[in-house]
>>> print(open('model.cif').read())   # mmCIF, C-alpha atoms
data_my_file
loop_
_atom_site.label_atom_id
_atom_site.label_comp_id
_atom_site.auth_asym_id
_atom_site.auth_seq_id
_atom_site.Cartn_x
_atom_site.Cartn_y
_atom_site.Cartn_z
CA MET A 1 35.21 -42.31 32.66
CA ILE A 2 35.92 -40.44 29.46
CA ARG A 3 35.46 -43.63 27.46
CA TYR A 4 32.18 -44.27 29.26
CA CYS A 5 30.97 -40.78 28.36
CA ALA A 6 32.01 -41.26 24.76
CA VAL A 7 30.09 -44.54 24.55
CA LEU A 8 27.07 -42.87 26.06
CA ALA A 9 27.36 -39.87 23.76
CA LEU A 10 27.64 -41.88 20.56
CA PRO A 11 24.02 -42.99 20.22
CA LEU A 12 22.89 -39.50 21.24
CA MET A 13 25.03 -37.96 18.53
CA PHE A 14 23.71 -40.45 16.04
CA SER A 15 20.09 -39.73 16.92
CA ALA A 16 20.75 -36.00 16.62
CA VAL A 17 22.16 -36.52 13.14
CA VAL A 18 19.19 -38.65 12.14
CA ALA A 19 16.78 -36.02 13.51
CA ALA A 20 18.56 -33.29 11.55
CA GLN A 21 18.33 -35.36 8.39
CA THR A 22 14.64 -36.17 8.72
CA PRO A 23 13.18 -34.21 5.83
CA ALA A 24 10.33 -31.81 6.43
CA PRO A 25 7.16 -33.16 4.84
CA ALA A 26 6.51 -31.93 1.31
CA GLY A 27 3.50 -29.66 1.11
CA ASP A 28 0.38 -30.46 -0.90
CA ALA A 29 -1.33 -27.19 -1.82
CA ALA A 30 -4.68 -28.86 -2.65
CA LYS A 31 -4.79 -30.49 0.78
CA GLY A 32 -3.72 -27.18 2.31
CA GLU A 33 -6.73 -25.48 0.76
CA GLU A 34 -9.02 -27.87 2.62
CA LYS A 35 -7.64 -26.54 5.90
CA THR A 36 -8.01 -22.85 5.12
CA ARG A 37 -11.46 -22.57 6.67
CA MET A 38 -9.64 -21.85 9.92
CA CYS A 39 -7.65 -19.07 8.25
CA GLU A 40 -10.13 -17.27 6.07
CA GLY A 41 -12.10 -15.58 8.89
CA CYS A 42 -9.11 -13.27 9.39
CA HIS A 43 -6.56 -13.69 6.57
CA GLY A 44 -9.25 -14.07 3.91
CA ILE A 45 -10.70 -10.62 4.48
CA GLU A 46 -8.75 -7.85 2.84
CA GLY A 47 -7.70 -5.22 5.38
CA TRP A 48 -8.89 -7.22 8.41
CA ARG A 49 -7.46 -6.21 11.77
CA THR A 50 -6.88 -8.37 14.80
CA ALA A 51 -8.39 -6.78 17.91
CA PHE A 52 -6.69 -8.72 20.69
CA PRO A 53 -4.28 -8.24 22.35
CA GLU A 54 -3.34 -5.36 20.03
CA VAL A 55 -5.06 -3.82 17.04
CA TYR A 56 -3.14 -4.23 13.79
CA HIS A 57 -3.71 -5.68 10.32
CA VAL A 58 -3.43 -9.44 10.04
CA PRO A 59 -0.52 -10.09 7.68
CA LYS A 60 -0.87 -10.88 4.02
CA LEU A 61 0.23 -14.46 3.35
CA GLY A 62 -0.47 -15.05 -0.35
CA GLY A 63 2.85 -15.34 -2.19
CA GLN A 64 4.95 -15.52 0.98
CA HIS A 65 7.86 -18.01 1.05
CA ALA A 66 6.63 -21.45 2.18
CA ALA A 67 9.61 -21.93 4.51
CA TYR A 68 8.67 -18.76 6.39
CA ILE A 69 5.03 -19.84 6.81
CA VAL A 70 6.17 -23.24 8.09
CA GLN A 71 8.48 -21.54 10.57
CA ALA A 72 5.81 -19.09 11.75
CA LEU A 73 3.24 -21.85 12.34
CA HIS A 74 5.78 -23.93 14.25
CA GLU A 75 6.68 -20.91 16.37
CA TYR A 76 3.00 -20.40 17.26
CA LYS A 77 2.63 -24.11 17.96
CA ASN A 78 5.63 -24.29 20.31
CA GLY A 79 4.89 -20.96 21.99
CA ASP A 80 7.73 -18.84 20.58
CA ARG A 81 5.11 -16.52 19.10
CA SER A 82 2.31 -15.48 21.34
CA HIS A 83 -0.83 -14.45 19.43
CA PRO A 84 -3.63 -16.34 21.25
CA SER A 85 -5.77 -17.24 18.23
CA MET A 86 -2.78 -18.27 16.15
CA ARG A 87 -1.40 -20.40 19.00
CA ALA A 88 -4.70 -22.25 19.33
CA ILE A 89 -5.00 -22.80 15.57
CA ALA A 90 -1.38 -23.87 15.10
CA ALA A 91 -1.64 -26.29 18.02
CA SER A 92 -4.34 -28.17 16.10
CA LEU A 93 -2.13 -28.63 13.03
CA THR A 94 0.17 -31.57 12.28
CA ASP A 95 3.53 -31.03 10.58
CA GLN A 96 1.92 -32.27 7.38
CA ASP A 97 -0.99 -29.79 7.73
CA ILE A 98 1.54 -26.99 8.21
CA ALA A 99 3.49 -28.03 5.11
CA ASN A 100 0.26 -28.21 3.10
CA LEU A 101 -0.94 -24.77 4.22
CA ALA A 102 2.48 -23.28 3.49
CA ALA A 103 2.40 -24.76 -0.01
CA TYR A 104 -1.08 -23.34 -0.58
CA PHE A 105 -0.34 -19.82 0.64
CA SER A 106 3.07 -19.60 -1.01
CA GLN A 107 1.40 -20.31 -4.34
CA GLY A 108 -0.72 -17.24 -3.83
CA GLY A 109 -3.87 -18.50 -2.16
CA PRO A 110 -7.07 -18.92 -4.17
CA LYS A 111 -6.43 -19.67 -7.85
CA THR A 112 -8.63 -16.84 -9.05
CA GLN A 113 -6.58 -14.33 -7.10
CA THR A 114 -3.69 -12.40 -8.56
CA ALA A 115 -1.02 -10.73 -6.47
CA ALA A 116 -1.55 -7.05 -5.78
CA LYS A 117 0.60 -4.91 -8.00
CA MET B 1 -13.12 41.34 18.92
CA MET B 2 -15.32 38.41 19.85
CA MET B 3 -14.99 36.94 16.35
CA THR B 4 -11.21 37.33 16.42
CA CYS B 5 -11.14 35.55 19.75
CA VAL B 6 -13.29 32.68 18.42
CA ARG B 7 -11.17 32.43 15.30
CA ALA B 8 -7.96 32.38 17.34
CA SER B 9 -9.39 29.69 19.61
CA LEU B 10 -10.37 27.59 16.65
CA LEU B 11 -6.92 27.96 15.15
CA ILE B 12 -5.26 26.91 18.39
CA ALA B 13 -7.64 23.97 18.79
CA ALA B 14 -7.03 22.87 15.20
CA THR B 15 -3.27 23.08 15.66
CA PHE B 16 -3.42 20.85 18.71
CA ALA B 17 -5.79 18.44 17.00
CA LEU B 18 -3.28 17.99 14.19
CA LEU B 19 -0.23 17.62 16.42
CA PRO B 20 -0.53 13.91 17.30
CA ALA B 21 -0.98 13.00 13.65
CA ALA B 22 2.08 15.00 12.68
CA ALA B 23 4.13 13.45 15.48
CA SER B 24 3.30 9.89 14.45
CA ALA B 25 3.62 10.32 10.67
CA ALA B 26 6.32 7.99 9.40
CA ASP B 27 9.19 9.25 7.28
CA ILE B 28 9.46 6.90 4.29
CA ALA B 29 12.74 8.38 3.05
CA ALA B 30 14.33 7.92 6.47
CA GLY B 31 12.89 4.41 6.49
CA GLN B 32 14.60 3.63 3.19
CA ALA B 33 17.94 4.92 4.52
CA LYS B 34 17.62 2.63 7.55
CA VAL B 35 16.56 -0.31 5.36
CA LYS B 36 19.74 0.12 3.29
CA GLU B 37 21.80 -0.07 6.48
CA VAL B 38 20.03 -2.84 8.36
CA CYS B 39 17.48 -4.86 6.37
CA GLN B 40 18.41 -4.89 2.70
CA ALA B 41 21.02 -7.67 2.82
CA CYS B 42 18.40 -10.28 3.70
CA HIS B 43 14.99 -8.83 2.83
CA GLY B 44 16.02 -6.87 -0.28
CA LEU B 45 15.67 -3.15 -0.90
CA ASP B 46 12.06 -3.54 -2.06
CA GLY B 47 11.29 -6.17 0.60
CA ASN B 48 10.63 -8.93 -1.87
CA SER B 49 13.38 -11.24 -0.70
CA GLN B 50 14.52 -13.88 -3.15
CA SER B 51 15.71 -16.21 -0.40
CA PRO B 52 13.14 -18.63 1.03
CA ASP B 53 14.78 -18.16 4.43
CA TYR B 54 13.61 -14.55 4.71
CA PRO B 55 9.99 -13.43 4.50
CA LYS B 56 8.78 -11.05 1.84
CA LEU B 57 7.87 -7.68 3.32
CA GLY B 58 7.09 -5.50 0.29
CA GLY B 59 3.49 -4.27 0.42
CA GLN B 60 2.85 -5.89 3.79
CA TYR B 61 0.68 -3.88 6.22
CA PRO B 62 2.84 -1.30 8.04
CA ASP B 63 1.21 -1.83 11.43
CA TYR B 64 1.92 -5.56 11.22
CA LEU B 65 5.56 -4.94 10.28
CA ALA B 66 5.96 -2.46 13.15
CA LYS B 67 4.36 -4.88 15.60
CA ALA B 68 6.74 -7.64 14.47
CA LEU B 69 9.78 -5.38 14.93
CA ARG B 70 8.63 -4.24 18.38
CA ASP B 71 8.12 -7.86 19.41
CA TYR B 72 11.58 -8.88 18.15
CA LYS B 73 13.07 -5.93 20.02
CA SER B 74 11.26 -6.75 23.28
CA GLY B 75 11.92 -10.48 22.98
CA ALA B 76 8.19 -11.29 22.84
CA ARG B 77 8.97 -12.85 19.46
CA LYS B 78 12.05 -15.01 19.61
CA ASN B 79 14.47 -14.95 16.73
CA PRO B 80 18.18 -14.52 17.39
CA ILE B 81 18.87 -12.81 14.06
CA MET B 82 15.96 -10.38 14.18
CA ALA B 83 16.48 -9.64 17.90
CA GLY B 84 19.92 -8.29 17.02
CA PHE B 85 18.71 -6.09 14.19
CA ALA B 86 15.47 -4.88 15.78
CA GLY B 87 17.42 -4.05 18.93
CA THR B 88 19.34 -1.38 17.02
CA LEU B 89 16.14 0.36 15.86
CA SER B 90 14.45 3.18 17.78
CA ALA B 91 10.65 3.37 17.99
CA LYS B 92 10.80 6.02 15.25
CA ASP B 93 13.09 3.86 13.06
CA ILE B 94 10.57 1.02 13.38
CA GLU B 95 7.70 3.22 12.17
CA ASN B 96 9.81 4.53 9.29
CA VAL B 97 11.12 1.14 8.16
CA ALA B 98 7.61 -0.37 8.36
CA ALA B 99 6.14 2.51 6.32
CA TYR B 100 8.90 2.18 3.71
CA TYR B 101 8.47 -1.56 3.14
CA ALA B 102 4.67 -1.19 3.14
CA SER B 103 5.02 1.42 0.37
CA GLN B 104 6.96 -0.95 -1.90
CA PRO B 105 5.35 -2.90 -4.77
CA ALA B 106 3.65 -5.94 -3.30
CA VAL B 107 4.21 -9.46 -4.45
CA LEU B 108 2.04 -10.49 -1.54
CA ALA B 109 -1.63 -10.95 -2.36
CA LYS B 110 -4.13 -8.51 -0.88
CA LYS B 111 -5.82 -11.26 1.07
CA TYR B 112 -4.50 -14.61 2.22
#
>>> encode(input="model.cif", output="C-alpha coordinates")
Amino acid sequence: MIRYCAVLALPLMFSAVVAAQTPAPAGDAAKGEEKTRMCEGCHGIEGWRTAFPEVYHVPKLGGQHAAYIVQALHEYKNGDRSHPSMRAIAASLTDQDIANLAAYFSQGGPKTQTAAK
Amino acid sequence: MMMTCVRASLLIAATFALLPAAASAADIAAGQAKVKEVCQACHGLDGNSQSPDYPKLGGQYPDYLAKALRDYKSGARKNPIMAGFAGTLSAKDIENVAAYYASQPAVLAKKY
(Lines of atoms letter the chains of each structure in order from A and count residues from 1; the text may use other names and numbers.)
(Lines give C-alpha, C1' and ligand atoms only; values in the text may rest on other atoms or scores of the structure.)
Protein backbone atom coordinates (compact mmCIF):
# COMPACT_ATOMS: atom_id res chain seq x y z
CA MET A 1 0.00 0.00 0.00
CA ILE A 2 2.76 2.37 0.97
CA ARG A 3 4.65 1.52 -2.22
CA TYR A 4 1.48 2.11 -4.23
CA CYS A 5 1.07 5.54 -2.64
CA ALA A 6 4.69 6.38 -3.31
CA VAL A 7 4.32 5.44 -6.98
CA LEU A 8 1.20 7.54 -7.20
CA ALA A 9 2.84 10.46 -5.42
CA LEU A 10 5.94 10.53 -7.59
CA PRO A 11 4.45 12.06 -10.73
CA LEU A 12 2.47 14.51 -8.57
CA MET A 13 5.65 15.60 -6.83
CA PHE A 14 7.38 15.94 -10.16
CA SER A 15 4.61 18.07 -11.63
CA ALA A 16 4.66 20.28 -8.54
CA VAL A 17 8.39 20.82 -8.99
CA VAL A 18 7.93 21.63 -12.66
CA ALA A 19 5.12 24.07 -11.83
CA ALA A 20 7.31 25.79 -9.24
CA GLN A 21 10.11 26.11 -11.76
CA THR A 22 7.98 27.54 -14.55
CA PRO A 23 9.32 31.08 -14.77
CA ALA A 24 6.94 34.00 -14.59
CA PRO A 25 6.76 35.72 -17.97
CA ALA A 26 9.17 38.61 -18.40
CA GLY A 27 7.39 41.94 -18.64
CA ASP A 28 7.50 44.19 -21.69
CA ALA A 29 6.88 47.77 -20.57
CA ALA A 30 6.01 49.01 -24.09
CA LYS A 31 3.34 46.33 -24.45
CA GLY A 32 2.16 47.14 -20.93
CA GLU A 33 1.59 50.75 -21.94
CA GLU A 34 -0.83 49.59 -24.63
CA LYS A 35 -3.01 48.08 -21.92
CA THR A 36 -3.11 51.09 -19.62
CA ARG A 37 -6.29 52.52 -21.13
CA MET A 38 -8.12 50.35 -18.60
CA CYS A 39 -6.07 51.84 -15.76
CA GLU A 40 -5.85 55.52 -16.54
CA GLY A 41 -9.50 56.38 -15.76
CA CYS A 42 -8.65 55.93 -12.07
CA HIS A 43 -4.88 55.56 -11.56
CA GLY A 44 -4.05 58.16 -14.21
CA ILE A 45 -5.81 60.98 -12.40
CA GLU A 46 -3.80 62.47 -9.58
CA GLY A 47 -5.73 62.36 -6.31
CA TRP A 48 -8.60 60.25 -7.72
CA ARG A 49 -10.77 58.46 -5.19
CA THR A 50 -12.67 55.23 -5.62
CA ALA A 51 -16.30 55.63 -4.54
CA PHE A 52 -17.42 52.03 -4.19
CA PRO A 53 -17.58 50.14 -1.91
CA GLU A 54 -15.57 52.62 0.19
CA VAL A 55 -14.22 56.08 -0.53
CA TYR A 56 -10.43 56.29 -0.52
CA HIS A 57 -7.65 57.35 -2.87
CA VAL A 58 -6.71 54.85 -5.55
CA PRO A 59 -3.09 53.90 -4.88
CA LYS A 60 -0.12 55.37 -6.65
CA LEU A 61 1.55 52.71 -8.80
CA GLY A 62 4.34 54.53 -10.66
CA GLY A 63 7.69 53.32 -9.32
CA GLN A 64 6.21 50.45 -7.31
CA HIS A 65 8.07 47.10 -7.34
CA ALA A 66 6.98 45.00 -10.34
CA ALA A 67 6.70 41.84 -8.23
CA TYR A 68 4.17 43.54 -5.96
CA ILE A 69 2.04 44.73 -8.89
CA VAL A 70 2.08 41.22 -10.36
CA GLN A 71 1.00 39.79 -7.02
CA ALA A 72 -1.76 42.36 -6.54
CA LEU A 73 -3.23 41.74 -10.01
CA HIS A 74 -3.16 37.99 -9.48
CA GLU A 75 -4.88 38.42 -6.11
CA TYR A 76 -7.66 40.45 -7.77
CA LYS A 77 -7.90 37.88 -10.56
CA ASN A 78 -8.22 34.89 -8.21
CA GLY A 79 -10.50 36.68 -5.75
CA ASP A 80 -8.12 37.12 -2.81
CA ARG A 81 -8.63 40.88 -3.11
CA SER A 82 -12.14 42.09 -3.46
CA HIS A 83 -12.39 45.50 -5.15
CA PRO A 84 -15.13 44.98 -7.78
CA SER A 85 -13.63 47.10 -10.59
CA MET A 86 -10.15 45.71 -10.06
CA ARG A 87 -11.46 42.13 -10.02
CA ALA A 88 -13.24 42.66 -13.34
CA ILE A 89 -10.19 44.30 -14.93
CA ALA A 90 -7.71 41.75 -13.62
CA ALA A 91 -9.92 38.88 -14.79
CA SER A 92 -9.50 40.14 -18.36
CA LEU A 93 -5.69 40.06 -18.16
CA THR A 94 -3.41 37.17 -19.11
CA ASP A 95 -0.27 36.41 -17.09
CA GLN A 96 1.71 38.09 -19.86
CA ASP A 97 -0.50 41.22 -19.73
CA ILE A 98 0.04 41.36 -15.97
CA ALA A 99 3.82 41.07 -16.36
CA ASN A 100 3.78 43.79 -19.03
CA LEU A 101 1.72 46.19 -16.92
CA ALA A 102 3.93 45.56 -13.91
CA ALA A 103 7.02 46.34 -15.98
CA TYR A 104 5.42 49.55 -17.24
CA PHE A 105 4.28 50.84 -13.85
CA SER A 106 7.45 49.82 -12.02
CA GLN A 107 9.43 51.94 -14.47
CA GLY A 108 7.42 54.93 -13.36
CA GLY A 109 4.53 55.10 -15.79
CA PRO A 110 4.54 57.65 -18.61
CA LYS A 111 8.06 58.58 -19.75
CA THR A 112 7.47 62.29 -19.34
CA GLN A 113 6.57 61.81 -15.70
CA THR A 114 9.05 62.12 -12.88
CA ALA A 115 8.50 60.67 -9.44
CA ALA A 116 7.11 63.05 -6.86
CA LYS A 117 9.79 64.29 -4.54
CA MET B 1 -26.71 89.45 28.43
CA MET B 2 -28.24 88.34 25.16
CA MET B 3 -24.94 88.89 23.33
CA THR B 4 -23.03 86.93 25.97
CA CYS B 5 -25.50 84.10 25.59
CA VAL B 6 -25.12 84.10 21.78
CA ARG B 7 -21.36 84.23 22.07
CA ALA B 8 -21.32 81.36 24.55
CA SER B 9 -23.59 79.31 22.29
CA LEU B 10 -21.34 79.94 19.34
CA LEU B 11 -18.30 78.93 21.34
CA ILE B 12 -19.95 75.70 22.45
CA ALA B 13 -21.12 74.95 18.92
CA ALA B 14 -17.65 75.63 17.52
CA THR B 15 -16.05 73.37 20.12
CA PHE B 16 -18.35 70.51 19.19
CA ALA B 17 -17.84 71.12 15.48
CA LEU B 18 -14.09 70.75 15.95
CA LEU B 19 -14.26 67.66 18.16
CA PRO B 20 -14.61 64.98 15.46
CA ALA B 21 -11.68 66.42 13.53
CA ALA B 22 -9.52 66.44 16.64
CA ALA B 23 -10.53 62.88 17.51
CA SER B 24 -9.59 61.51 14.08
CA ALA B 25 -6.35 63.45 13.59
CA ALA B 26 -3.50 60.99 13.19
CA ASP B 27 -0.38 61.19 15.32
CA ILE B 28 2.59 60.95 12.95
CA ALA B 29 5.16 60.64 15.75
CA ALA B 30 3.23 57.75 17.30
CA GLY B 31 2.96 56.26 13.82
CA GLN B 32 6.74 56.38 13.42
CA ALA B 33 7.23 54.65 16.78
CA LYS B 34 4.87 51.86 15.70
CA VAL B 35 6.56 51.60 12.28
CA LYS B 36 9.93 51.06 14.01
CA GLU B 37 8.40 48.20 16.00
CA VAL B 38 6.29 46.49 13.36
CA CYS B 39 6.87 47.60 9.76
CA GLN B 40 10.43 48.83 9.32
CA ALA B 41 12.14 45.45 8.91
CA CYS B 42 10.38 44.81 5.60
CA HIS B 43 9.06 48.15 4.33
CA GLY B 44 11.92 50.36 5.59
CA LEU B 45 11.70 53.31 7.96
CA ASP B 46 10.79 55.69 5.13
CA GLY B 47 8.55 53.12 3.43
CA ASN B 48 10.66 52.89 0.31
CA SER B 49 11.49 49.22 0.61
CA GLN B 50 14.53 48.01 -1.29
CA SER B 51 13.22 44.46 -1.55
CA PRO B 52 11.00 43.67 -4.54
CA ASP B 53 8.99 41.37 -2.27
CA TYR B 54 7.60 44.27 -0.25
CA PRO B 55 5.68 47.20 -1.71
CA LYS B 56 6.89 50.76 -1.41
CA LEU B 57 4.68 52.77 0.93
CA GLY B 58 6.46 56.13 1.25
CA GLY B 59 4.25 58.94 -0.03
CA GLN B 60 1.33 56.61 -0.73
CA TYR B 61 -2.15 58.00 0.08
CA PRO B 62 -2.87 57.56 3.81
CA ASP B 63 -6.49 56.51 3.32
CA TYR B 64 -5.39 53.74 0.93
CA LEU B 65 -2.75 52.51 3.39
CA ALA B 66 -5.28 52.51 6.24
CA LYS B 67 -7.82 50.65 4.11
CA ALA B 68 -5.20 48.02 3.23
CA LEU B 69 -4.29 47.53 6.90
CA ARG B 70 -7.94 47.26 7.97
CA ASP B 71 -8.54 44.67 5.24
CA TYR B 72 -5.49 42.63 6.29
CA LYS B 73 -6.67 42.79 9.89
CA SER B 74 -10.24 41.71 9.04
CA GLY B 75 -9.10 39.03 6.61
CA ALA B 76 -10.85 40.72 3.67
CA ARG B 77 -7.40 40.88 2.10
CA LYS B 78 -5.55 37.62 2.44
CA ASN B 79 -1.87 37.67 3.20
CA PRO B 80 -0.50 35.49 5.99
CA ILE B 81 2.39 37.83 6.78
CA MET B 82 0.38 41.04 6.82
CA ALA B 83 -2.55 39.42 8.68
CA GLY B 84 -0.17 38.75 11.57
CA PHE B 85 1.22 42.28 11.70
CA ALA B 86 -2.02 44.16 11.02
CA GLY B 87 -3.72 42.05 13.67
CA THR B 88 -1.50 43.63 16.33
CA LEU B 89 -2.50 47.18 15.33
CA SER B 90 -5.41 49.07 16.89
CA ALA B 91 -7.64 51.28 14.74
CA LYS B 92 -5.68 54.27 16.06
CA ASP B 93 -2.31 52.59 15.29
CA ILE B 94 -3.51 52.02 11.72
CA GLU B 95 -4.37 55.71 11.25
CA ASN B 96 -1.03 56.76 12.76
CA VAL B 97 1.10 54.33 10.75
CA ALA B 98 -0.72 55.26 7.52
CA ALA B 99 -0.23 58.99 8.20
CA TYR B 100 3.46 58.45 8.96
CA TYR B 101 4.25 56.53 5.78
CA ALA B 102 2.16 58.96 3.71
CA SER B 103 4.27 61.82 5.12
CA GLN B 104 7.54 60.25 3.95
CA PRO B 105 9.35 61.30 0.74
CA ALA B 106 7.67 59.57 -2.16
CA VAL B 107 9.44 57.49 -4.73
CA LEU B 108 6.00 56.65 -6.05
CA ALA B 109 4.79 58.87 -8.88
CA LYS B 110 1.86 61.19 -8.21
CA LYS B 111 -0.26 59.42 -10.77
CA TYR B 112 -0.02 55.89 -12.13
>>> atom_distance(input="model.cif", atom1="CA of Tyr54 (chain B)", atom2="CA of Ala83 (chain B)")
14.4 Å
>>> resolve_selection(input="model.cif", expression="the PyMOL selection byres ((chain A) within 12 of (chain B))", output="ChimeraX atom specification")
/A:33,36-50,53-72,75-76,78-83,101-102,104-117
>>> atom_distance(input="model.cif", atom1="CA of Asn96 (chain B)", atom2="CA of Ile28 (chain B)")
5.5 Å
>>> axis_aligned_box(input="model.cif", around="region 36-53 of chain A", padding_each_side="8 Å", output="JSON")
{"center_x": -8.2, "center_y": -14.0, "center_z": 12.6, "size_x": 23.8, "size_y": 33.6, "size_z": 35.5}
>>> atom_distance(input="model.cif", atom1="CA of Ala41 (chain B)", atom2="CA of Lys92 (chain B)")
21.1 Å
